[in-house]
Amino acid sequence: MIDINESVMQFLLAFVVVGPLLGAVAALLPAPPGLKGKSPAQAVLRHGVTVTGVILIAAIALALGFDHDHPSKMQATTDISWIPALDVRIHLGVDGISLPLLVLTALLTFLCALYSYFKPPSGPSPKAFVALLLLLESGTLATFAVLDLLLFFLAFETVLVPMYFLIARWGGEGRTRAAWKFILFTLLGSVVMLLGLLLIGLKAGTFDMVALATDNGRSLTASVQVIAVLAIGIGLAVKTPMWPLHSWLPDAHTAAPTVGSVMLAGVLLKMGTYGFVRILLPVAPHGFHTFAPYLAAFAVVGIIYGSLACLALAKRGVKGDLKRLIAYSSVGHMGFVLLGIATMTPTGVNGALFANIAHGLITGLLFFLVGAVKDRTGSTDLDTLAEETGAALYGRAPRLGGLLAFGAVASLGLPGLAGFWGEMLSLFGAFKPAAGLSRPAFLTFMAVGAFGTLLTAAYMLIVVRRVCMGGAEQERPELADVRGYEFAAWTPLVTLTVLAGLWPKALLGLTDPAVQQLLAGGTR
């Protein structure tokens with residue numbers, strides 16, 4: 001930890017949230033203030049790398065200046081009155097729960113901008129692409145930093161517009177339908193969520209999330225809590241996505257450009273689960289307790305459903321798209337996150353937060369790798385990769401094949417890698433749920449979830465065998481192996497996946513004190 005003045009910390013957090021928005025506006029100017037390039041397109045793409053790089057440096061400085069001895073305390077706080085009539089405030093802050101998500105968002109956005117600079121997206125104006133990517137980053141970072149319910153909703157909704165256009169304008173086949181499905185599902189869920197947020201704010205007399213968490217639902221009647229959790233939970237579940245509200249996700253991932261899939265899986269899906277932890281658990285604990293068994297049931301159904309869908313897509317002779325398979329795997333992985341939250345225990349919630357970060361690193365890497373495979377072979381269809389092109393990546397592009405195999409085994413939860421700890425802690429949380437929750441029911445959920453880990457291993461190993469080891473016996477020309485810019489974009493994700501797996505205390509040491517206090521009734 002570096003001793004940084006509190007005012008500097010306040011500036012860093014405000015800059016991390018607002019900086020990408022200013023960069024998005026600058027990207028649309030006739031002469032963006034980025035480094036000069038050989039062409040206007042290259043200049044604006046370099047501007048995107050510069051802005052996201054500065055934001056990443058600011059996020060790292062914020063993490064270094066964070067008081068790691070008191071991670072449960074809100075730090076770098078800014079609290080300014082905005083709409084006095086409704087007591088809506090511009091309230092920002094960061095603790096051990098939100099800090100890892102801020103750094104993850106800044107990192108993935110920078111890696112996406114770097115990748116796009118060397119591999120420009122095919123589509124309309126690069127200016128619009130960079131502006132939308134920066135707007136997406138600003139909205140996501142704001143979601144994890146704001147401490148006012150209405151500001152949370154505004155930030156939550158801000159990301160929808162740039163993601164819609166990234167899919168609709170720069171996506172692949174079926175992009176228009178996928179983009180409309182994405183926006184309609186999430187908007188409908190958000191309308192219901194807004195009603196729940198307004199109900200809490202008006203009944204409690206404040207929209208301040210810290211004050212509401214400290215109150216711990218004492219100013220809200222049991223019926224108000226139940227209604228609010230149902231309304232807000234639906235909106236958050238759509239974004240997570242929870243089965244059966246997940247059907248927009250496979251289409252969106254399949255149609256999205258590579259960086260769109262990375263941001264969607266690595267960052268946007270985390271916004272829903274973060275809302276469950278930051279808002280529903282501390283603000284309406286009685287209402288959440290009522291719905292926790294149902295949330296856990298939907299979570300384990302999602303785990304099995306996602307795994308079976310992936311197994312079906314991985315079978316030979318089935319039109320299985322590799323991007324679609326990874327999208328369905330996200331439904332299963334996020335099921336473990338929801339199961340951990342539903343236990344309402346420190347062990348389960350810490351596991352959920354760990355699994356969130358692990359999923360962002362591993363699935364972000366997988367979508368980068370699948371994008372690279374498509375660039376080289378022209379397809380993400382598993383039969384085409386395994387048969388017609390004889391992909392056999394181990395022989396034709398050994399480093400790329402090795403990285404894909406690494407991503408697959410990390411995704412299936414191999415001990416020693418980041419994917420293991422989150423899922424195991426979520427299952428351990430289900431072994432002994434919070435007081436008042438049915439232990440036999442949660443033991444059943446734990447057993448079903450554990451079976452889901454076996455299914456995950458099965459389909460991931462099938463993918464590795466078919467794509468990396470190939471099916472064609474005849475000689476095939478070599479494919480371009482990992483390029484320099486790809487190595488730069490993927491190395492941080494591989495490194496962090498290994499470090500988080502070998503040293504989980506680095507992340508759990510941040511989240512555990514904050515979770516303990518949050519479940520005990522408040523956030524200071």
# chains A, B, ... in the order shown; residues from 1 in each chain; ligands from 1
>>> residues_around(residues="region 502-514 of chain A", least_positions_apart="4", cutoff="8 Å", atoms="only C-alpha atoms", output="list in words")
His68, His70, Pro71, Ser72, Lys73, Asp95, Gly96, Ile97, Pro100, Pro346, Asn350, Leu353, Phe354, Gly416, Leu417, Ala418, Trp421, Val498, Leu518 and Thr523 of chain A
>>> write_last_selection(atoms="N, CA, C and O atoms", output="compact mmCIF listing (two decimals), in the first residue's frame")
# COMPACT_ATOMS: atom_id res chain seq x y z
N HIS A 68 -5.59 -1.21 2.58
CA HIS A 68 -5.87 -2.65 2.60
C HIS A 68 -6.07 -3.19 4.01
O HIS A 68 -6.52 -4.33 4.17
N HIS A 70 -8.15 -1.79 6.04
CA HIS A 70 -9.57 -1.53 6.35
C HIS A 70 -10.40 -1.61 5.07
O HIS A 70 -10.98 -0.62 4.63
N PRO A 71 -10.43 -2.78 4.42
CA PRO A 71 -11.14 -2.89 3.13
C PRO A 71 -12.65 -2.79 3.25
O PRO A 71 -13.33 -2.61 2.24
N SER A 72 -13.20 -2.91 4.47
CA SER A 72 -14.65 -2.78 4.63
C SER A 72 -15.10 -1.32 4.66
O SER A 72 -16.30 -1.04 4.58
N LYS A 73 -14.14 -0.41 4.78
CA LYS A 73 -14.46 1.02 4.86
C LYS A 73 -14.54 1.62 3.46
O LYS A 73 -13.70 1.36 2.61
N ASP A 95 -14.74 0.14 -1.95
CA ASP A 95 -14.33 -0.72 -0.85
C ASP A 95 -13.79 -2.02 -1.41
O ASP A 95 -13.54 -2.13 -2.62
N GLY A 96 -13.59 -3.01 -0.54
CA GLY A 96 -12.99 -4.26 -0.99
C GLY A 96 -13.85 -5.05 -1.95
O GLY A 96 -13.35 -5.94 -2.64
N ILE A 97 -15.15 -4.74 -2.02
CA ILE A 97 -16.04 -5.44 -2.96
C ILE A 97 -15.94 -4.84 -4.35
O ILE A 97 -15.87 -5.54 -5.36
N PRO A 100 -11.82 -4.58 -6.85
CA PRO A 100 -11.38 -5.53 -7.88
C PRO A 100 -12.15 -5.40 -9.20
O PRO A 100 -11.57 -5.57 -10.28
N PRO A 346 -20.82 -15.56 4.54
CA PRO A 346 -19.55 -14.97 4.09
C PRO A 346 -18.80 -15.87 3.12
O PRO A 346 -18.24 -15.39 2.13
N ASN A 350 -18.24 -14.49 -0.64
CA ASN A 350 -16.85 -14.33 -1.07
C ASN A 350 -16.55 -15.20 -2.28
O ASN A 350 -15.83 -14.77 -3.20
N LEU A 353 -17.99 -13.46 -5.35
CA LEU A 353 -17.18 -12.33 -5.80
C LEU A 353 -15.89 -12.81 -6.45
O LEU A 353 -15.43 -12.23 -7.45
N PHE A 354 -15.28 -13.87 -5.91
CA PHE A 354 -14.08 -14.43 -6.51
C PHE A 354 -14.39 -15.01 -7.88
O PHE A 354 -13.65 -14.80 -8.85
N GLY A 416 -5.53 -24.67 -8.70
CA GLY A 416 -4.32 -23.91 -8.98
C GLY A 416 -4.55 -22.76 -9.93
O GLY A 416 -3.65 -21.93 -10.12
N LEU A 417 -5.75 -22.70 -10.53
CA LEU A 417 -6.11 -21.58 -11.40
C LEU A 417 -7.33 -20.87 -10.81
O LEU A 417 -8.04 -21.42 -9.96
N ALA A 418 -7.58 -19.65 -11.27
CA ALA A 418 -8.58 -18.79 -10.63
C ALA A 418 -9.98 -19.38 -10.63
O ALA A 418 -10.75 -19.15 -9.70
N TRP A 421 -11.39 -21.55 -7.20
CA TRP A 421 -11.75 -21.09 -5.85
C TRP A 421 -13.17 -20.56 -5.76
O TRP A 421 -13.88 -20.85 -4.79
N VAL A 498 -3.38 -17.27 -13.22
CA VAL A 498 -2.48 -18.13 -12.45
C VAL A 498 -2.27 -17.57 -11.04
O VAL A 498 -2.35 -18.31 -10.05
N LEU A 518 -20.94 -6.25 5.58
CA LEU A 518 -22.16 -6.07 4.80
C LEU A 518 -23.26 -7.02 5.30
O LEU A 518 -24.41 -6.61 5.46
N THR A 523 -22.37 -0.77 5.78
CA THR A 523 -21.11 -0.41 5.15
C THR A 523 -20.77 0.99 5.62
O THR A 523 -21.55 1.92 5.40
>>> residues_around(residues="Glu137 (chain A)", least_positions_apart="4", cutoff="8 Å", atoms="only C-alpha atoms", output="PyMOL selection string")
chain A and resi 20+105-106+109+133+141+159
>>> residues_around(residues="region 455-463 of chain A", least_positions_apart="6", cutoff="10 Å", atoms="only C-alpha atoms", output="JSON, numbers by chain")
{"A": [303, 304, 306, 307, 308, 309, 310, 311, 312, 313, 314, 315, 316, 322, 325, 326, 329, 332, 333, 382, 386, 404, 405, 407, 408, 409, 410, 411, 412, 413, 414, 449, 469, 470]}
>>> select_by_dssp(residues="region 425-467 of chain A", states="alpha helix (DSSP H)", output="tab-separated table (two decimals) with all heavy atoms, in the first residue's frame")
chain	number	residue	atom	x	y	z
A	425	LEU	N	-15.85	-22.30	-3.22
A	425	LEU	CA	-16.36	-21.54	-2.08
A	425	LEU	C	-17.88	-21.38	-2.15
A	425	LEU	O	-18.56	-21.40	-1.12
A	425	LEU	CB	-15.68	-20.17	-2.02
A	425	LEU	CG	-14.21	-20.18	-1.58
A	425	LEU	CD1	-13.59	-18.80	-1.74
A	425	LEU	CD2	-14.07	-20.66	-0.14
A	426	SER	N	-18.41	-21.22	-3.35
A	426	SER	CA	-19.86	-21.14	-3.50
A	426	SER	C	-20.52	-22.45	-3.06
A	426	SER	O	-21.55	-22.44	-2.39
A	426	SER	CB	-20.23	-20.82	-4.95
A	426	SER	OG	-19.79	-19.53	-5.32
A	427	LEU	N	-19.92	-23.58	-3.43
A	427	LEU	CA	-20.45	-24.88	-3.02
A	427	LEU	C	-20.31	-25.07	-1.51
A	427	LEU	O	-21.21	-25.61	-0.85
A	427	LEU	CB	-19.75	-26.00	-3.77
A	427	LEU	CG	-20.00	-26.05	-5.29
A	427	LEU	CD1	-19.15	-27.13	-5.94
A	427	LEU	CD2	-21.48	-26.30	-5.59
A	428	PHE	N	-19.17	-24.64	-0.95
A	428	PHE	CA	-18.99	-24.74	0.50
A	428	PHE	C	-20.01	-23.88	1.24
A	428	PHE	O	-20.51	-24.26	2.31
A	428	PHE	CB	-17.58	-24.30	0.89
A	428	PHE	CG	-16.51	-25.28	0.50
A	428	PHE	CD1	-15.22	-24.86	0.27
A	428	PHE	CD2	-16.81	-26.63	0.36
A	428	PHE	CE1	-14.23	-25.76	-0.10
A	428	PHE	CE2	-15.83	-27.54	-0.01
A	428	PHE	CZ	-14.53	-27.10	-0.24
A	429	GLY	N	-20.34	-22.71	0.68
A	429	GLY	CA	-21.36	-21.86	1.28
A	429	GLY	C	-22.71	-22.55	1.30
A	429	GLY	O	-23.48	-22.44	2.26
A	430	ALA	N	-23.02	-23.30	0.23
A	430	ALA	CA	-24.29	-24.03	0.17
A	430	ALA	C	-24.32	-25.20	1.15
A	430	ALA	O	-25.39	-25.64	1.56
A	430	ALA	CB	-24.53	-24.54	-1.25
A	431	PHE	N	-23.15	-25.69	1.55
A	431	PHE	CA	-23.09	-26.79	2.51
A	431	PHE	C	-23.68	-26.38	3.86
A	431	PHE	O	-24.31	-27.19	4.56
A	431	PHE	CB	-21.64	-27.25	2.68
A	431	PHE	CG	-21.48	-28.39	3.65
A	431	PHE	CD1	-21.85	-29.68	3.29
A	431	PHE	CD2	-20.98	-28.17	4.92
A	431	PHE	CE1	-21.70	-30.73	4.19
A	431	PHE	CE2	-20.83	-29.21	5.83
A	431	PHE	CZ	-21.20	-30.50	5.45
A	439	ARG	N	-31.36	-26.27	5.12
A	439	ARG	CA	-30.09	-26.91	4.80
A	439	ARG	C	-30.26	-28.10	3.87
A	439	ARG	O	-29.45	-28.28	2.95
A	439	ARG	CB	-29.38	-27.34	6.09
A	439	ARG	CG	-27.92	-27.69	5.79
A	439	ARG	CD	-27.14	-28.11	6.98
A	439	ARG	NE	-25.76	-28.36	6.60
A	439	ARG	CZ	-24.93	-29.14	7.28
A	439	ARG	NH1	-25.34	-29.72	8.40
A	439	ARG	NH2	-23.69	-29.32	6.86
A	440	PRO	N	-31.28	-28.95	4.04
A	440	PRO	CA	-31.45	-30.04	3.07
A	440	PRO	C	-31.59	-29.54	1.63
A	440	PRO	O	-31.04	-30.14	0.70
A	440	PRO	CB	-32.72	-30.74	3.55
A	440	PRO	CG	-32.78	-30.45	5.01
A	440	PRO	CD	-32.23	-29.07	5.16
A	441	ALA	N	-32.34	-28.45	1.45
A	441	ALA	CA	-32.51	-27.90	0.10
A	441	ALA	C	-31.16	-27.44	-0.45
A	441	ALA	O	-30.82	-27.73	-1.61
A	441	ALA	CB	-33.51	-26.75	0.12
A	442	PHE	N	-30.38	-26.73	0.38
A	442	PHE	CA	-29.11	-26.21	-0.11
A	442	PHE	C	-28.07	-27.31	-0.29
A	442	PHE	O	-27.18	-27.20	-1.14
A	442	PHE	CB	-28.60	-25.10	0.82
A	442	PHE	CG	-29.13	-23.75	0.46
A	442	PHE	CD1	-30.37	-23.34	0.90
A	442	PHE	CD2	-28.40	-22.88	-0.35
A	442	PHE	CE1	-30.89	-22.09	0.56
A	442	PHE	CE2	-28.90	-21.64	-0.70
A	442	PHE	CZ	-30.14	-21.23	-0.25
A	443	LEU	N	-28.18	-28.39	0.50
A	443	LEU	CA	-27.31	-29.54	0.26
A	443	LEU	C	-27.62	-30.17	-1.10
A	443	LEU	O	-26.71	-30.60	-1.83
A	443	LEU	CB	-27.47	-30.57	1.37
A	443	LEU	CG	-26.83	-30.23	2.72
A	443	LEU	CD1	-27.19	-31.28	3.75
A	443	LEU	CD2	-25.32	-30.11	2.58
A	444	THR	N	-28.90	-30.18	-1.44
A	444	THR	CA	-29.30	-30.67	-2.77
A	444	THR	C	-28.74	-29.77	-3.86
A	444	THR	O	-28.20	-30.24	-4.87
A	444	THR	CB	-30.83	-30.74	-2.88
A	444	THR	OG1	-31.34	-31.58	-1.84
A	444	THR	CG2	-31.25	-31.30	-4.23
A	445	PHE	N	-28.86	-28.44	-3.65
A	445	PHE	CA	-28.32	-27.49	-4.62
A	445	PHE	C	-26.80	-27.68	-4.76
A	445	PHE	O	-26.25	-27.60	-5.87
A	445	PHE	CB	-28.62	-26.06	-4.19
A	445	PHE	CG	-30.09	-25.74	-4.09
A	445	PHE	CD1	-30.55	-24.83	-3.16
A	445	PHE	CD2	-31.01	-26.34	-4.94
A	445	PHE	CE1	-31.90	-24.52	-3.06
A	445	PHE	CE2	-32.36	-26.05	-4.86
A	445	PHE	CZ	-32.81	-25.14	-3.92
A	446	MET	N	-26.12	-27.93	-3.63
A	446	MET	CA	-24.67	-28.14	-3.67
A	446	MET	C	-24.32	-29.37	-4.50
A	446	MET	O	-23.39	-29.34	-5.33
A	446	MET	CB	-24.13	-28.29	-2.25
A	446	MET	CG	-22.62	-28.45	-2.18
A	446	MET	SD	-22.02	-28.96	-0.56
A	446	MET	CE	-22.56	-30.67	-0.54
A	447	ALA	N	-25.08	-30.46	-4.31
A	447	ALA	CA	-24.80	-31.69	-5.06
A	447	ALA	C	-25.04	-31.50	-6.55
A	447	ALA	O	-24.25	-31.96	-7.38
A	447	ALA	CB	-25.70	-32.82	-4.52
A	448	VAL	N	-26.12	-30.79	-6.89
A	448	VAL	CA	-26.41	-30.53	-8.31
A	448	VAL	C	-25.32	-29.65	-8.91
A	448	VAL	O	-24.85	-29.88	-10.03
A	448	VAL	CB	-27.80	-29.89	-8.47
A	448	VAL	CG1	-28.05	-29.52	-9.92
A	448	VAL	CG2	-28.89	-30.83	-7.97
A	449	GLY	N	-24.91	-28.62	-8.16
A	449	GLY	CA	-23.85	-27.74	-8.65
A	449	GLY	C	-22.54	-28.48	-8.84
A	449	GLY	O	-21.81	-28.26	-9.81
A	450	ALA	N	-22.21	-29.38	-7.90
A	450	ALA	CA	-20.99	-30.17	-8.02
A	450	ALA	C	-21.03	-31.05	-9.27
A	450	ALA	O	-20.02	-31.22	-9.97
A	450	ALA	CB	-20.79	-31.02	-6.77
A	451	PHE	N	-22.21	-31.61	-9.57
A	451	PHE	CA	-22.36	-32.40	-10.79
A	451	PHE	C	-22.12	-31.52	-12.02
A	451	PHE	O	-21.57	-31.97	-13.02
A	451	PHE	CB	-23.74	-33.03	-10.84
A	451	PHE	CG	-24.01	-33.85	-12.07
A	451	PHE	CD1	-23.30	-35.02	-12.30
A	451	PHE	CD2	-24.94	-33.44	-13.00
A	451	PHE	CE1	-23.53	-35.77	-13.45
A	451	PHE	CE2	-25.18	-34.18	-14.16
A	451	PHE	CZ	-24.47	-35.36	-14.37
A	452	GLY	N	-22.54	-30.26	-11.92
A	452	GLY	CA	-22.32	-29.32	-13.02
A	452	GLY	C	-20.84	-29.10	-13.31
A	452	GLY	O	-20.46	-28.89	-14.47
A	453	THR	N	-19.99	-29.17	-12.28
A	453	THR	CA	-18.56	-29.02	-12.53
A	453	THR	C	-18.02	-30.18	-13.38
A	453	THR	O	-17.11	-30.00	-14.19
A	453	THR	CB	-17.78	-28.95	-11.20
A	453	THR	OG1	-17.93	-30.17	-10.48
A	453	THR	CG2	-18.26	-27.78	-10.34
A	454	LEU	N	-18.59	-31.38	-13.18
A	454	LEU	CA	-18.19	-32.53	-14.00
A	454	LEU	C	-18.61	-32.34	-15.45
A	454	LEU	O	-17.86	-32.66	-16.38
A	454	LEU	CB	-18.79	-33.82	-13.43
A	454	LEU	CG	-18.40	-34.18	-12.00
A	454	LEU	CD1	-19.11	-35.47	-11.57
A	454	LEU	CD2	-16.89	-34.36	-11.90
A	455	LEU	N	-19.82	-31.83	-15.66
A	455	LEU	CA	-20.27	-31.56	-17.02
A	455	LEU	C	-19.41	-30.50	-17.69
A	455	LEU	O	-19.10	-30.60	-18.89
A	455	LEU	CB	-21.73	-31.12	-17.00
A	455	LEU	CG	-22.76	-32.14	-16.51
A	455	LEU	CD1	-24.16	-31.53	-16.50
A	455	LEU	CD2	-22.74	-33.38	-17.41
A	456	THR	N	-19.01	-29.49	-16.91
A	456	THR	CA	-18.14	-28.45	-17.46
A	456	THR	C	-16.82	-29.04	-17.93
A	456	THR	O	-16.34	-28.73	-19.03
A	456	THR	CB	-17.87	-27.36	-16.40
A	456	THR	OG1	-19.10	-26.81	-15.95
A	456	THR	CG2	-17.00	-26.25	-16.98
A	457	ALA	N	-16.24	-29.91	-17.11
A	457	ALA	CA	-14.99	-30.56	-17.51
A	457	ALA	C	-15.19	-31.38	-18.78
A	457	ALA	O	-14.33	-31.38	-19.67
A	457	ALA	CB	-14.49	-31.45	-16.37
A	458	ALA	N	-16.33	-32.04	-18.90
A	458	ALA	CA	-16.59	-32.90	-20.06
A	458	ALA	C	-16.62	-32.08	-21.35
A	458	ALA	O	-15.92	-32.42	-22.32
A	458	ALA	CB	-17.91	-33.65	-19.86
A	459	TYR	N	-17.41	-31.00	-21.38
A	459	TYR	CA	-17.52	-30.28	-22.66
A	459	TYR	C	-16.26	-29.49	-22.98
A	459	TYR	O	-15.90	-29.34	-24.15
A	459	TYR	CB	-18.78	-29.41	-22.71
A	459	TYR	CG	-18.83	-28.19	-21.84
A	459	TYR	CD1	-18.08	-27.05	-22.12
A	459	TYR	CD2	-19.70	-28.13	-20.75
A	459	TYR	CE1	-18.16	-25.92	-21.33
A	459	TYR	CE2	-19.78	-27.00	-19.95
A	459	TYR	CZ	-19.01	-25.89	-20.24
A	459	TYR	OH	-19.09	-24.78	-19.46
A	460	MET	N	-15.55	-29.00	-21.98
A	460	MET	CA	-14.32	-28.27	-22.26
A	460	MET	C	-13.24	-29.20	-22.81
A	460	MET	O	-12.49	-28.84	-23.73
A	460	MET	CB	-13.82	-27.56	-21.00
A	460	MET	CG	-14.51	-26.23	-20.73
A	460	MET	SD	-14.24	-25.06	-22.10
A	460	MET	CE	-15.16	-23.65	-21.53
A	461	LEU	N	-13.16	-30.40	-22.28
A	461	LEU	CA	-12.17	-31.35	-22.79
A	461	LEU	C	-12.51	-31.81	-24.21
A	461	LEU	O	-11.62	-32.05	-25.02
A	461	LEU	CB	-12.06	-32.54	-21.84
A	461	LEU	CG	-11.45	-32.22	-20.47
A	461	LEU	CD1	-11.49	-33.45	-19.57
A	461	LEU	CD2	-10.02	-31.70	-20.61
A	462	ILE	N	-13.81	-31.92	-24.51
A	462	ILE	CA	-14.22	-32.25	-25.88
A	462	ILE	C	-13.79	-31.15	-26.83
A	462	ILE	O	-13.28	-31.41	-27.94
A	462	ILE	CB	-15.74	-32.47	-25.94
A	462	ILE	CG1	-16.13	-33.75	-25.21
A	462	ILE	CG2	-16.21	-32.54	-27.40
A	462	ILE	CD1	-17.63	-33.96	-25.09
A	463	VAL	N	-13.97	-29.89	-26.42
A	463	VAL	CA	-13.57	-28.76	-27.26
A	463	VAL	C	-12.07	-28.79	-27.51
A	463	VAL	O	-11.61	-28.61	-28.64
A	463	VAL	CB	-13.99	-27.42	-26.61
A	463	VAL	CG1	-13.33	-26.25	-27.32
A	463	VAL	CG2	-15.50	-27.27	-26.64
>>> residues_around(residues="Glu157 (chain A)", least_positions_apart="4", cutoff="10 Å", atoms="only C-alpha atoms", output="PyMOL selection string")
chain A and resi 139-140+143+151-153+161+186-187+190
>>> write_last_selection(atoms="C-alpha atoms", output="compact mmCIF listing (two decimals), in the first residue's frame")
# COMPACT_ATOMS: atom_id res chain seq x y z
CA GLY A 139 -20.87 3.50 -17.54
CA THR A 140 -19.47 0.25 -16.20
CA THR A 143 -21.88 1.28 -11.82
CA LEU A 151 -27.15 7.07 -9.97
CA PHE A 152 -26.64 3.30 -9.95
CA PHE A 153 -29.64 2.91 -12.24
CA VAL A 161 -26.62 2.01 -25.74
CA THR A 186 -32.33 -5.60 -20.64
CA LEU A 187 -34.61 -2.57 -20.98
CA SER A 190 -34.53 -2.35 -16.06
>>> residues_around(residues="region 75-83 of chain A", least_positions_apart="4", cutoff="6 Å", atoms="only C-alpha atoms", output="list in words")
Met9, Gln10, Asp87, Val88, Arg89, Ile90, His91, Leu92, Gly93 and Val94 of chain A
>>> residues_around(residues="Thr176 (chain A)", least_positions_apart="4", cutoff="12 Å", atoms="only C-alpha atoms", output="list of chain:residue names")
A:Tyr164, A:Phe165, A:Leu166, A:Ile167, A:Ala168, A:Arg169, A:Trp170, A:Gly171, A:Gly172, A:Trp180, A:Lys181, A:Phe182, A:Ile183, A:Asp251, A:Ala252, A:Thr254, A:Ala255, A:Ala256
>>> write_last_selection(atoms="N, CA and C atoms", output="short mmCIF file (atom, residue, chain, number, x, y, z; two decimals), in the first residue's frame")
data_model
loop_
_atom_site.label_atom_id
_atom_site.label_comp_id
_atom_site.auth_asym_id
_atom_site.auth_seq_id
_atom_site.Cartn_x
_atom_site.Cartn_y
_atom_site.Cartn_z
N TYR A 164 -25.34 -2.02 -27.55
CA TYR A 164 -26.28 -2.25 -28.65
C TYR A 164 -25.63 -1.90 -29.99
N PHE A 165 -25.00 -0.73 -30.06
CA PHE A 165 -24.41 -0.30 -31.33
C PHE A 165 -23.16 -1.11 -31.68
N LEU A 166 -22.39 -1.52 -30.67
CA LEU A 166 -21.22 -2.35 -30.96
C LEU A 166 -21.64 -3.67 -31.61
N ILE A 167 -22.75 -4.22 -31.14
CA ILE A 167 -23.26 -5.46 -31.75
C ILE A 167 -23.90 -5.19 -33.10
N ALA A 168 -24.77 -4.18 -33.17
CA ALA A 168 -25.55 -3.92 -34.38
C ALA A 168 -24.71 -3.41 -35.54
N ARG A 169 -23.65 -2.65 -35.25
CA ARG A 169 -22.88 -2.03 -36.34
C ARG A 169 -21.59 -2.77 -36.65
N TRP A 170 -20.96 -3.40 -35.66
CA TRP A 170 -19.67 -4.06 -35.89
C TRP A 170 -19.75 -5.58 -35.71
N GLY A 171 -20.95 -6.11 -35.50
CA GLY A 171 -21.11 -7.54 -35.28
C GLY A 171 -21.10 -8.34 -36.57
N GLY A 172 -21.28 -9.64 -36.40
CA GLY A 172 -21.27 -10.54 -37.55
C GLY A 172 -22.68 -10.90 -37.98
N TRP A 180 -31.16 -6.22 -31.08
CA TRP A 180 -32.51 -5.88 -30.63
C TRP A 180 -32.93 -6.77 -29.46
N LYS A 181 -32.59 -8.03 -29.51
CA LYS A 181 -32.94 -8.94 -28.42
C LYS A 181 -32.24 -8.52 -27.14
N PHE A 182 -30.97 -8.14 -27.26
CA PHE A 182 -30.21 -7.67 -26.10
C PHE A 182 -30.86 -6.44 -25.48
N ILE A 183 -31.17 -5.45 -26.30
CA ILE A 183 -31.69 -4.19 -25.76
C ILE A 183 -33.09 -4.35 -25.19
N ASP A 251 -27.11 -15.27 -28.43
CA ASP A 251 -27.20 -14.53 -29.69
C ASP A 251 -26.29 -13.31 -29.68
N ALA A 252 -26.27 -12.59 -28.54
CA ALA A 252 -25.44 -11.39 -28.45
C ALA A 252 -23.97 -11.73 -28.58
N THR A 254 -22.61 -14.45 -29.97
CA THR A 254 -22.31 -15.01 -31.28
C THR A 254 -22.17 -13.91 -32.33
N ALA A 255 -23.01 -12.90 -32.25
CA ALA A 255 -23.01 -11.84 -33.25
C ALA A 255 -21.99 -10.74 -32.95
N ALA A 256 -21.62 -10.54 -31.70
CA ALA A 256 -20.77 -9.42 -31.30
C ALA A 256 -19.37 -9.55 -31.89
#
>>> atom_distance(atom1="CA of Val16 (chain A)", atom2="CA of Leu361 (chain A)")
20.2 Å
>>> atom_distance(atom1="CA of Leu99 (chain A)", atom2="CA of Lys270 (chain A)")
13.0 Å
>>> closest_residue(among="A:Pro162, A:Gly484, A:Pro84, A:Gly53", to="Ala113 (chain A)", atoms="only C-alpha atoms")
A:Gly53
>>> closest_residue(among="A:Ala155, A:Leu104, A:Ala24, A:Val130", to="Val44 (chain A)", atoms="only C-alpha atoms")
A:Val130
>>> closest_residue(among="A:Pro257, A:Pro121, A:Gly340, A:Gly422", to="Ala434 (chain A)", atoms="only C-alpha atoms")
A:Gly340
>>> closest_residue(among="A:Val8, A:Leu281, A:Ile227, A:Gly217", to="Leu199 (chain A)", atoms="only C-alpha atoms")
A:Ile227
